[in-house]
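**Student:** Structure: my_file-v8.csv, CSV, C-alpha atoms and all ligand atoms.
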```
chain,number,residue,atom,x,y,z
J,1,MET,CA,-17.4,-14.0,114.6
J,2,LYS,CA,-17.8,-17.5,113.4
J,3,THR,CA,-21.6,-17.7,113.1
J,4,VAL,CA,-24.1,-20.3,112.1
J,5,VAL,CA,-27.3,-18.9,110.6
J,6,PHE,CA,-30.3,-21.1,111.3
J,7,SER,CA,-33.6,-21.1,109.4
J,8,SER,CA,-31.6,-19.6,106.5
J,9,LYS,CA,-33.3,-18.8,103.3
J,10,SER,CA,-31.8,-17.6,99.9
J,11,TYR,CA,-32.7,-14.0,100.8
J,12,ASP,CA,-31.0,-14.2,104.2
J,13,GLU,CA,-27.8,-15.4,102.5
J,14,GLU,CA,-28.0,-12.7,99.8
J,15,PHE,CA,-28.5,-9.8,102.2
J,16,LEU,CA,-26.2,-11.0,105.0
J,17,ASN,CA,-23.4,-11.7,102.5
J,18,ALA,CA,-23.8,-8.3,101.0
J,19,ALA,CA,-23.6,-6.6,104.4
J,20,ASN,CA,-20.7,-8.7,105.5
J,21,GLY,CA,-18.1,-6.3,104.0
J,22,GLY,CA,-14.6,-7.9,103.8
J,23,ALA,CA,-16.1,-11.1,105.2
J,24,ALA,CA,-15.6,-9.7,108.7
J,25,HIS,CA,-17.7,-12.6,110.0
J,26,LYS,CA,-17.4,-16.2,109.0
J,27,LEU,CA,-21.0,-17.1,108.2
J,28,ARG,CA,-22.4,-20.6,107.6
J,29,PHE,CA,-26.0,-20.8,106.4
J,30,LEU,CA,-28.2,-23.7,107.5
J,31,PRO,CA,-31.8,-24.2,106.4
J,32,ALA,CA,-32.5,-26.1,109.6
J,33,ARG,CA,-34.6,-24.5,112.3
J,34,LEU,CA,-32.8,-24.2,115.7
J,35,ASP,CA,-34.4,-26.4,118.3
J,36,GLU,CA,-33.4,-29.2,120.7
J,37,THR,CA,-32.7,-31.6,117.8
J,38,THR,CA,-30.4,-29.2,115.9
J,39,ALA,CA,-28.6,-27.2,118.6
J,40,SER,CA,-25.6,-29.5,118.3
J,41,LEU,CA,-25.0,-28.1,114.8
J,42,ALA,CA,-23.6,-25.0,116.6
J,43,LYS,CA,-20.6,-26.9,117.7
J,44,GLY,CA,-17.4,-24.9,116.8
J,45,TYR,CA,-19.2,-21.6,116.4
J,46,ASP,CA,-19.0,-18.4,118.5
J,47,ALA,CA,-22.6,-17.3,117.7
J,48,VAL,CA,-25.9,-18.5,116.3
J,49,CYS,CA,-28.1,-16.2,114.2
J,50,VAL,CA,-31.8,-17.0,114.5
J,51,PHE,CA,-35.2,-15.9,113.3
J,52,VAL,CA,-38.8,-15.7,114.7
J,53,ASN,CA,-39.6,-19.4,114.7
J,54,ASP,CA,-36.3,-20.8,115.9
J,55,LEU,CA,-36.8,-22.3,119.4
J,56,VAL,CA,-34.2,-21.0,121.9
J,57,ASN,CA,-35.7,-22.4,125.1
J,58,GLY,CA,-33.7,-23.2,128.3
J,59,THR,CA,-32.6,-26.6,127.0
J,60,VAL,CA,-31.3,-25.1,123.7
J,61,VAL,CA,-29.6,-22.3,125.6
J,62,ASP,CA,-27.9,-25.0,127.8
J,63,THR,CA,-26.7,-27.0,124.8
J,64,LEU,CA,-25.4,-23.8,123.1
J,65,ALA,CA,-23.6,-22.8,126.3
J,66,ASP,CA,-22.0,-26.3,126.7
J,67,LEU,CA,-20.8,-26.0,123.1
J,68,GLY,CA,-19.1,-22.7,123.9
J,69,VAL,CA,-21.5,-20.4,121.9
J,70,LYS,CA,-21.1,-16.9,123.2
J,71,ALA,CA,-23.9,-15.0,121.4
J,72,ILE,CA,-27.4,-15.4,120.0
J,73,ALA,CA,-28.1,-12.9,117.3
J,74,LEU,CA,-31.8,-12.5,116.5
J,75,ARG,CA,-32.4,-11.1,113.0
J,76,CYS,CA,-35.8,-9.8,114.1
J,77,ALA,CA,-37.3,-7.5,116.8
J,78,GLY,CA,-39.5,-9.9,118.8
J,79,TYR,CA,-37.7,-12.3,121.3
J,80,ASN,CA,-40.6,-14.3,122.8
J,81,ASN,CA,-38.9,-17.4,121.4
J,82,VAL,CA,-35.7,-17.0,123.4
J,83,ASP,CA,-35.2,-17.8,127.2
J,84,ILE,CA,-33.4,-14.6,127.9
J,85,ALA,CA,-33.0,-15.3,131.7
J,86,ARG,CA,-31.4,-18.6,131.0
J,87,ALA,CA,-29.0,-17.1,128.4
J,88,ARG,CA,-28.0,-14.5,131.0
J,89,GLU,CA,-27.3,-17.2,133.6
J,90,ARG,CA,-25.2,-19.1,131.1
J,91,GLY,CA,-23.3,-16.0,130.0
J,92,ILE,CA,-24.6,-15.9,126.4
J,93,ALA,CA,-25.3,-12.4,125.0
J,94,VAL,CA,-28.6,-12.0,123.2
J,95,VAL,CA,-28.8,-9.2,120.6
J,96,ARG,CA,-31.7,-8.3,118.3
J,97,VAL,CA,-32.7,-5.8,115.6
J,98,PRO,CA,-35.1,-3.5,117.5
J,99,ALA,CA,-36.4,-1.7,114.4
J,100,TYR,CA,-35.8,-2.6,110.7
J,101,SER,CA,-38.7,-1.1,108.8
J,102,PRO,CA,-41.7,-0.4,110.9
J,103,HIS,CA,-43.1,1.1,107.7
J,104,ALA,CA,-43.0,-2.4,106.0
J,105,VAL,CA,-45.2,-3.9,108.7
J,106,ALA,CA,-47.5,-1.0,109.1
J,107,GLU,CA,-48.0,-0.7,105.3
J,108,PHE,CA,-48.7,-4.4,105.2
J,109,ALA,CA,-51.3,-4.3,108.0
J,110,ALA,CA,-53.1,-1.5,106.0
J,111,THR,CA,-52.8,-3.7,102.9
J,112,LEU,CA,-54.4,-6.6,104.7
J,113,LEU,CA,-57.2,-4.4,106.0
J,114,PHE,CA,-58.0,-2.8,102.6
J,115,SER,CA,-57.8,-6.2,100.9
J,116,LEU,CA,-60.0,-8.0,103.5
J,117,ASN,CA,-62.6,-5.3,103.5
J,118,ARG,CA,-63.0,-5.3,99.7
J,119,ARG,CA,-62.5,-9.1,99.4
J,120,ILE,CA,-59.6,-8.6,97.0
J,121,HIS,CA,-58.5,-12.2,97.7
J,122,LYS,CA,-61.8,-13.5,96.4
J,123,ALA,CA,-62.1,-11.1,93.5
J,124,TYR,CA,-58.6,-12.0,92.2
J,125,ASN,CA,-59.6,-15.7,91.9
J,126,ARG,CA,-63.0,-15.0,90.5
J,127,VAL,CA,-61.7,-12.8,87.6
J,128,ARG,CA,-59.0,-15.3,86.7
J,129,GLU,CA,-61.8,-17.9,86.3
J,130,GLY,CA,-64.0,-15.6,84.2
J,131,ASN,CA,-66.4,-15.0,87.1
J,132,PHE,CA,-67.4,-11.3,87.2
J,133,GLU,CA,-70.2,-11.7,89.8
J,134,LEU,CA,-70.0,-9.1,92.5
J,135,ALA,CA,-72.2,-10.7,95.1
J,136,GLY,CA,-70.2,-11.5,98.2
J,137,LEU,CA,-67.5,-8.9,97.5
J,138,MET,CA,-69.2,-5.9,99.2
J,139,GLY,CA,-67.1,-3.9,101.7
J,140,PHE,CA,-67.7,-0.7,103.6
J,141,ASP,CA,-66.2,2.8,103.3
J,142,LEU,CA,-63.4,3.1,105.8
J,143,VAL,CA,-63.8,6.9,106.1
J,144,GLY,CA,-65.4,7.9,109.3
J,145,LYS,CA,-65.1,4.3,110.8
J,146,THR,CA,-63.5,3.6,114.1
J,147,VAL,CA,-60.1,1.9,114.0
J,148,THR,CA,-58.4,0.7,117.2
J,149,VAL,CA,-54.7,0.3,117.3
J,150,VAL,CA,-53.5,-1.9,120.1
J,151,GLY,CA,-49.9,-1.0,120.8
J,152,THR,CA,-48.8,2.4,119.5
J,153,GLY,CA,-45.0,1.8,119.3
J,154,LYS,CA,-43.0,2.0,116.2
J,155,ILE,CA,-45.3,0.0,113.9
J,156,GLY,CA,-48.7,0.8,115.5
J,157,SER,CA,-48.0,4.6,115.4
J,158,ILE,CA,-47.3,4.5,111.6
J,159,PHE,CA,-50.4,2.3,111.1
J,160,ALA,CA,-52.5,4.8,113.1
J,161,ARG,CA,-51.2,7.7,110.9
J,162,ILE,CA,-52.1,5.8,107.7
J,163,MET,CA,-55.6,5.1,108.9
J,164,HIS,CA,-55.9,8.8,110.1
J,165,CYS,CA,-55.1,9.9,106.5
J,166,ILE,CA,-57.9,7.7,105.2
J,167,GLY,CA,-60.3,9.7,107.5
J,168,CYS,CA,-60.9,7.1,110.2
J,169,ARG,CA,-61.5,7.9,113.8
J,170,ILE,CA,-58.5,6.3,115.7
J,171,LEU,CA,-58.6,4.8,119.2
J,172,ALA,CA,-55.4,3.6,120.7
J,173,VAL,CA,-54.6,1.1,123.5
J,174,ASP,CA,-51.2,1.4,125.1
J,175,ALA,CA,-50.0,2.3,128.6
J,176,TYR,CA,-47.5,4.7,127.0
J,177,ARG,CA,-49.3,7.5,125.2
J,178,ASN,CA,-47.7,8.9,122.0
J,179,PRO,CA,-48.2,12.7,122.2
J,180,GLU,CA,-47.7,13.1,118.4
J,181,LEU,CA,-50.7,10.8,117.8
J,182,GLU,CA,-52.8,12.6,120.5
J,183,ALA,CA,-52.0,15.8,118.6
J,184,LEU,CA,-53.6,14.2,115.5
J,185,GLY,CA,-56.8,13.5,117.5
J,186,VAL,CA,-56.1,9.9,118.4
J,187,THR,CA,-57.8,9.0,121.7
J,188,TYR,CA,-56.3,6.6,124.2
J,189,VAL,CA,-58.8,4.1,125.8
J,190,THR,CA,-58.6,0.8,127.5
J,191,PHE,CA,-58.9,-2.4,125.4
J,192,HIS,CA,-62.3,-3.1,126.9
J,193,GLU,CA,-63.5,0.5,126.2
J,194,ALA,CA,-62.4,0.1,122.6
J,195,LEU,CA,-64.2,-3.2,121.9
J,196,PRO,CA,-67.8,-2.1,121.5
J,197,GLN,CA,-66.8,1.0,119.5
J,198,SER,CA,-64.5,-0.4,116.9
J,199,ASP,CA,-65.2,-1.3,113.3
J,200,VAL,CA,-61.6,-2.4,112.9
J,201,ILE,CA,-59.0,-3.6,115.5
J,202,SER,CA,-55.3,-4.0,114.5
J,203,LEU,CA,-52.8,-5.6,116.9
J,204,HIS,CA,-49.3,-4.1,117.2
J,205,CYS,CA,-48.3,-5.0,120.7
J,206,PRO,CA,-45.6,-7.6,121.6
J,207,LEU,CA,-46.5,-11.1,122.8
J,208,THR,CA,-46.1,-11.2,126.6
J,209,ALA,CA,-47.8,-13.1,129.4
J,210,GLU,CA,-50.2,-10.2,129.6
J,211,THR,CA,-51.1,-10.1,125.9
J,212,ARG,CA,-51.3,-13.8,125.2
J,213,HIS,CA,-54.9,-14.5,124.0
J,214,LEU,CA,-55.8,-10.8,124.4
J,215,VAL,CA,-58.5,-11.6,121.8
J,216,ASN,CA,-60.4,-14.4,123.4
J,217,ALA,CA,-64.0,-15.6,123.8
J,218,GLU,CA,-64.7,-12.8,126.4
J,219,SER,CA,-63.2,-9.9,124.5
J,220,LEU,CA,-64.8,-11.2,121.2
J,221,SER,CA,-68.2,-11.2,123.0
J,222,LEU,CA,-67.8,-7.4,123.6
J,223,MET,CA,-66.9,-6.5,120.1
J,224,LYS,CA,-69.2,-4.7,117.7
J,225,HIS,CA,-70.9,-7.2,115.3
J,226,GLY,CA,-69.0,-7.4,112.0
J,227,LEU,CA,-65.7,-6.1,113.2
J,228,LEU,CA,-62.6,-6.6,111.1
J,229,LEU,CA,-59.6,-8.0,113.0
J,230,ILE,CA,-56.1,-7.6,111.7
J,231,ASN,CA,-53.1,-9.3,113.4
J,232,THR,CA,-49.5,-8.7,112.2
J,233,GLY,CA,-48.2,-8.9,115.8
J,234,ARG,CA,-47.8,-12.4,117.0
J,235,GLY,CA,-50.1,-15.4,116.5
J,236,ALA,CA,-50.8,-16.1,120.2
J,237,LEU,CA,-52.2,-12.6,120.7
J,238,ILE,CA,-55.3,-14.4,119.5
J,239,ASP,CA,-57.1,-17.5,120.8
J,240,THR,CA,-57.6,-19.0,117.4
J,241,ALA,CA,-60.4,-21.4,118.4
J,242,ALA,CA,-62.4,-18.5,119.9
J,243,VAL,CA,-61.8,-16.5,116.7
J,244,ILE,CA,-63.1,-19.4,114.6
J,245,ALA,CA,-66.3,-19.5,116.7
J,246,ALA,CA,-66.7,-15.7,116.3
J,247,LEU,CA,-66.4,-16.0,112.5
J,248,LYS,CA,-69.0,-18.8,112.5
J,249,SER,CA,-71.4,-16.7,114.7
J,250,GLY,CA,-70.8,-13.5,112.6
J,251,ILE,CA,-69.4,-11.5,115.5
J,252,LEU,CA,-66.3,-11.1,113.3
J,253,GLY,CA,-67.0,-9.7,109.9
J,254,GLY,CA,-63.5,-10.6,108.7
J,255,LEU,CA,-60.1,-11.7,109.9
J,256,ALA,CA,-56.7,-11.0,108.4
J,257,LEU,CA,-53.7,-12.8,109.9
J,258,ASP,CA,-50.0,-12.6,109.0
J,259,VAL,CA,-49.1,-14.5,112.1
J,260,TYR,CA,-50.5,-17.7,113.6
J,261,GLU,CA,-50.2,-19.4,117.0
J,262,GLU,CA,-48.7,-22.6,115.6
J,263,GLU,CA,-46.9,-21.0,112.6
J,264,ASP,CA,-43.5,-22.5,113.6
J,265,LYS,CA,-44.6,-25.8,112.1
J,266,LEU,CA,-45.8,-24.3,108.8
J,267,PHE,CA,-44.5,-20.9,107.8
J,268,PHE,CA,-41.5,-20.0,105.8
J,269,SER,CA,-41.5,-23.3,103.8
J,270,ASP,CA,-43.4,-25.0,101.1
J,271,HIS,CA,-46.0,-27.6,102.3
J,272,SER,CA,-48.1,-27.5,99.1
J,273,HIS,CA,-47.3,-31.1,98.3
J,274,GLU,CA,-48.2,-32.4,101.8
J,275,ILE,CA,-51.4,-33.0,103.8
J,276,ILE,CA,-51.3,-30.2,106.4
J,277,PRO,CA,-52.2,-31.8,109.7
J,278,ASP,CA,-53.2,-28.6,111.5
J,279,ASP,CA,-57.0,-28.7,111.4
J,280,VAL,CA,-57.4,-25.3,113.0
J,281,PHE,CA,-55.3,-23.5,110.4
J,282,MET,CA,-57.0,-25.4,107.6
J,283,ARG,CA,-60.4,-24.4,109.0
J,284,LEU,CA,-59.3,-20.8,108.8
J,285,THR,CA,-58.6,-21.2,105.1
J,286,THR,CA,-62.2,-22.2,104.4
J,287,PHE,CA,-63.8,-18.9,105.4
J,288,PRO,CA,-64.5,-16.4,102.5
J,289,ASN,CA,-63.8,-13.5,104.9
J,290,VAL,CA,-60.4,-14.7,106.2
J,291,LEU,CA,-57.2,-13.5,104.6
J,292,LEU,CA,-54.0,-15.4,105.6
J,293,THR,CA,-50.4,-14.6,104.8
J,294,GLY,CA,-47.3,-16.4,106.1
J,295,HIS,CA,-45.5,-13.8,108.2
J,296,GLN,CA,-44.4,-11.6,105.3
J,297,ALA,CA,-45.3,-8.2,106.7
J,298,PHE,CA,-41.6,-7.4,107.3
J,299,PHE,CA,-40.5,-8.7,103.9
J,300,THR,CA,-39.3,-5.6,102.0
J,301,LYS,CA,-35.9,-4.8,100.5
J,302,GLU,CA,-35.3,-2.0,102.9
J,303,ALA,CA,-36.1,-4.2,105.9
J,304,LEU,CA,-33.8,-7.0,104.8
J,305,GLU,CA,-30.9,-4.6,104.2
J,306,GLN,CA,-31.4,-3.1,107.7
J,307,ILE,CA,-31.8,-6.6,109.4
J,308,ALA,CA,-28.5,-7.8,107.8
J,309,THR,CA,-26.6,-4.6,108.6
J,310,VAL,CA,-27.7,-4.4,112.2
J,311,THR,CA,-27.3,-8.1,112.9
J,312,LEU,CA,-23.7,-8.0,111.7
J,313,GLN,CA,-23.0,-4.8,113.5
J,314,ASN,CA,-24.3,-6.4,116.7
J,315,LEU,CA,-21.9,-9.2,116.3
J,316,SER,CA,-19.0,-6.8,115.6
J,317,ASP,CA,-19.8,-4.8,118.7
J,318,LEU,CA,-19.9,-7.9,120.9
J,319,GLU,CA,-16.6,-9.0,119.4
J,320,SER,CA,-14.8,-5.7,119.8
J,321,GLU,CA,-16.4,-4.2,122.9
J,322,GLY,CA,-18.0,-7.2,124.6
J,323,ARG,CA,-21.4,-5.6,124.5
J,324,SER,CA,-23.9,-4.2,122.0
J,325,ALA,CA,-26.5,-1.4,122.2
J,326,ASN,CA,-29.0,-3.9,121.0
J,327,GLN,CA,-28.4,-6.4,123.7
J,328,LEU,CA,-31.3,-7.8,125.7
X,401,LIG,P1,-42.6,-1.4,119.9
X,401,LIG,O1,-41.9,-2.0,121.1
X,401,LIG,O2,-42.1,-0.2,119.2
X,401,LIG,O3,-44.2,-1.2,120.3
X,401,LIG,C1,-44.9,-2.1,121.0
X,401,LIG,C2,-46.0,-1.2,121.8
X,401,LIG,O4,-46.9,-2.1,122.4
X,401,LIG,C3,-45.3,-0.4,122.9
X,401,LIG,O5,-45.7,1.0,122.7
X,401,LIG,C4,-45.9,-1.0,124.2
X,401,LIG,O6,-46.1,-0.1,125.2
X,401,LIG,C5,-47.2,-1.6,123.6
X,401,LIG,N1,-47.8,-2.6,124.5
X,401,LIG,C6,-47.1,-3.5,125.3
X,401,LIG,N2,-48.0,-4.3,126.0
X,401,LIG,C7,-49.3,-3.8,125.6
X,401,LIG,C8,-50.6,-4.2,126.0
X,401,LIG,N3,-50.8,-5.1,126.9
X,401,LIG,N4,-51.6,-3.5,125.4
X,401,LIG,C9,-51.4,-2.5,124.5
X,401,LIG,N5,-50.1,-2.1,124.1
X,401,LIG,C10,-49.1,-2.8,124.7
X,401,LIG,O7,-42.7,-2.7,118.9
X,401,LIG,P2,-42.9,-2.6,117.3
X,401,LIG,O8,-41.6,-2.5,116.6
X,401,LIG,O9,-44.0,-1.6,117.0
X,401,LIG,O10,-43.5,-4.1,117.0
X,401,LIG,C11,-44.7,-4.5,117.5
X,401,LIG,C12,-44.8,-6.0,117.3
X,401,LIG,O11,-45.0,-6.3,115.9
X,401,LIG,C13,-43.6,-6.8,117.8
X,401,LIG,O12,-43.6,-7.1,119.1
X,401,LIG,C14,-43.7,-8.1,116.9
X,401,LIG,O13,-44.3,-9.1,117.7
X,401,LIG,C15,-44.5,-7.6,115.7
X,401,LIG,N6,-43.8,-7.7,114.5
X,401,LIG,C16,-44.3,-8.4,113.4
X,401,LIG,C17,-43.6,-8.5,112.2
X,401,LIG,C18,-44.2,-9.2,111.0
X,401,LIG,O14,-43.5,-9.4,110.0
X,401,LIG,N7,-45.5,-9.7,111.1
X,401,LIG,C19,-42.3,-7.8,112.0
X,401,LIG,C20,-41.9,-7.0,113.2
X,401,LIG,C21,-42.6,-7.0,114.3
```
Output the structure of this file as structure tokens.
Ligand code: NAI
**Tutor:**
Amino acid sequence: MKTVVFSSKSYDEEFLNAANGGAAHKLRFLPARLDETTASLAKGYDAVCVFVNDLVNGTVVDTLADLGVKAIALRCAGYNNVDIARARERGIAVVRVPAYSPHAVAEFAATLLFSLNRRIHKAYNRVREGNFELAGLMGFDLVGKTVTVVGTGKIGSIFARIMHCIGCRILAVDAYRNPELEALGVTYVTFHEALPQSDVISLHCPLTAETRHLVNAESLSLMKHGLLLINTGRGALIDTAAVIAALKSGILGGLALDVYEEEDKLFFSDHSHEIIPDDVFMRLTTFPNVLLTGHQAFFTKEALEQIATVTLQNLSDLESEGRSANQL
């Protein structure tokens, strides 16, 4: 299919070209983010390929449909940025990559937790500057602590296993119980039951109307003092203003985020030479017990290979059979 790849980076080009054996699909790579102002760039293409922060709302879908675009290929699992209902109405197929490397994200969530707990982000800078003071770097043993995993799907279940190996007590929050986790001794509870018991909470559920601001002033007020909160799910699972208040009051002992509510204006590009206007994000960077990364949990070689292969297979299936197993 003649496809324009929005929000394209050097690594997207490298992996998609490598997977596009025999140049089966004609790919054009554009660094521009897809939104209302750039949708017209899809003129003359059969498909658009988009990532997590491309905006594919109803207006964009309408523009794409008017231009004759037949497919939206997400090179990611989450699809909260796409108006699926509107795409269906306009006859545009939406396909995604349901799983690329759940291990990449689960391992990264564990990395964030370990680093945050032991203040590796602070220690790294101190040692580089010849400061070997330990005050302010103290963590706690994770063994025996209670870790709550919100969402025990592909990623959350791997994260739960990792933390189980460390010797943590694992609580899980999910309407669908995973019997393999239960066999390990994982206990399913409600989110509210988990809050006062948890030393760590890690979010692995999708962003939906139900989960938006799951972590808010009310749920934070029920948490155990000093809890470490890890979010590699989606930024809006957390009410960032409420979380900042909880960091200031000490309810939260630490926060590690790979995703951020307003990340579409910041992440995946270099703003180091600019004044960043987002005061909420900049406030987060001032806390010693906050560790921020820019949506890199998925970013492994294996995941990029899988994303490229499945994305192009989805397009091939739509072209040859008119449908794809990964269609939404
Ligand atoms: P999955 O679909 O396998 O699992 C999600 C689980 O969340 C399901 O078991 C579902 O029942 C559960 N869930 C839904 N609503 C819930 C609620 N209200 N409370 C508790 N659990 C709930 O998805 P997967 O592959 O494990 O991915 C999880 C999320 O991770 C994705 O939706 C995406 O937002 C995020 N993600 C982040 C990446 C990153 O680079 N930071 C990369 C890939 C995914």
**Student:** Just want the 9 Å neighbourhood of region 118-133 of chain J, counted on all atoms listed in the file, with same-chain residues fewer than 5 positions away dropped. Output as JSON, numbers by chain.
**Tutor:** {"J": [113, 138, 139, 140, 288, 289, 291]}
**Student:** Find the residue from J:Gln306, J:Thr232, J:Thr286, J:Thr38 that sits nearest to ligand LIG 401 (chain X); use all atoms listed in the file when measuring.
**Tutor:** J:Thr232
**Student:** Let me see if you get this right: every residue at most 6 Å from ligand LIG 401 (chain X), counting all atoms listed in the file, written as a ChimeraX atom specification.
**Tutor:** /J:77-78,99,105,150-156,173-176,204-207,210-211,232-234,258,295-298
**Student:** Would you mind reading off the distance between CA of Gly22 (chain J) and CA of Ser10 (chain J), one decimal, in Å?
**Tutor:**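 Interatomic distance here is 20.1 Å.
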**Student:** Could you pull the residues within 10 Å of Phe191 (chain J), counting all atoms listed in the file, minus those fewer than 6 positions along the same chain, as a ChimeraX atom specification?
**Tutor:** /J:148-150,171-174,201,214-215,219
**Student:** So which one's closest to Val61 (chain J), J:Leu315, J:Ile162, J:Ala87, J:Cys49? Using all atoms listed in the file, please.
**Tutor:** J:Ala87
**Student:** Using only C-alpha atoms, which of the listed residues (J:Ile170, J:Leu266, J:Ala104, J:Ala110) sits closest to Arg33 (chain J)?
**Tutor:**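 Closest candidate: J:Leu266.
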**Student:** Grab the CA of Ser316 (chain J) to CA of Val97 (chain J) distance for me, in Å with one decimal place.
**Tutor:**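 Atom-to-atom, CA of Ser316 (chain J) and CA of Val97 (chain J) are spaced 13.7 Å apart.
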**Student:** When distances are computed from all atoms listed in the file, which of J:Cys76, J:Val82, J:Val4, J:Ala325 shows the smallest separation from Tyr45 (chain J)?
**Tutor:** J:Val4
**Student:** Any idea what the distance is between CA of Asn53 (chain J) and CA of Arg90 (chain J)?
**Tutor:**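 CA of Asn53 (chain J) sits 21.8 Å away from CA of Arg90 (chain J).
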**Student:** Within 12 Å of (-59.6, 8.0, 110.3) in the file's own coordinates, which protein, DNA or RNA residues have an atom, counting all atoms listed in the file? List them as a PyMOL selection string.
**Tutor:** chain J and resi 141-149+159-171+181+184-187+198-200
**Student:** Which of these, J:Leu257, J:Leu222, J:Leu312, J:Ala93, has the shortest distance to Leu27 (chain J) once you count only C-alpha atoms?
**Tutor:** J:Leu312
**Student:** Kindly indicate which residue among J:Ala256, J:Met223, J:Ala242, J:Val95 lies nearest to Ala109 (chain J), using only C-alpha atoms for the distances.
**Tutor:** J:Ala256
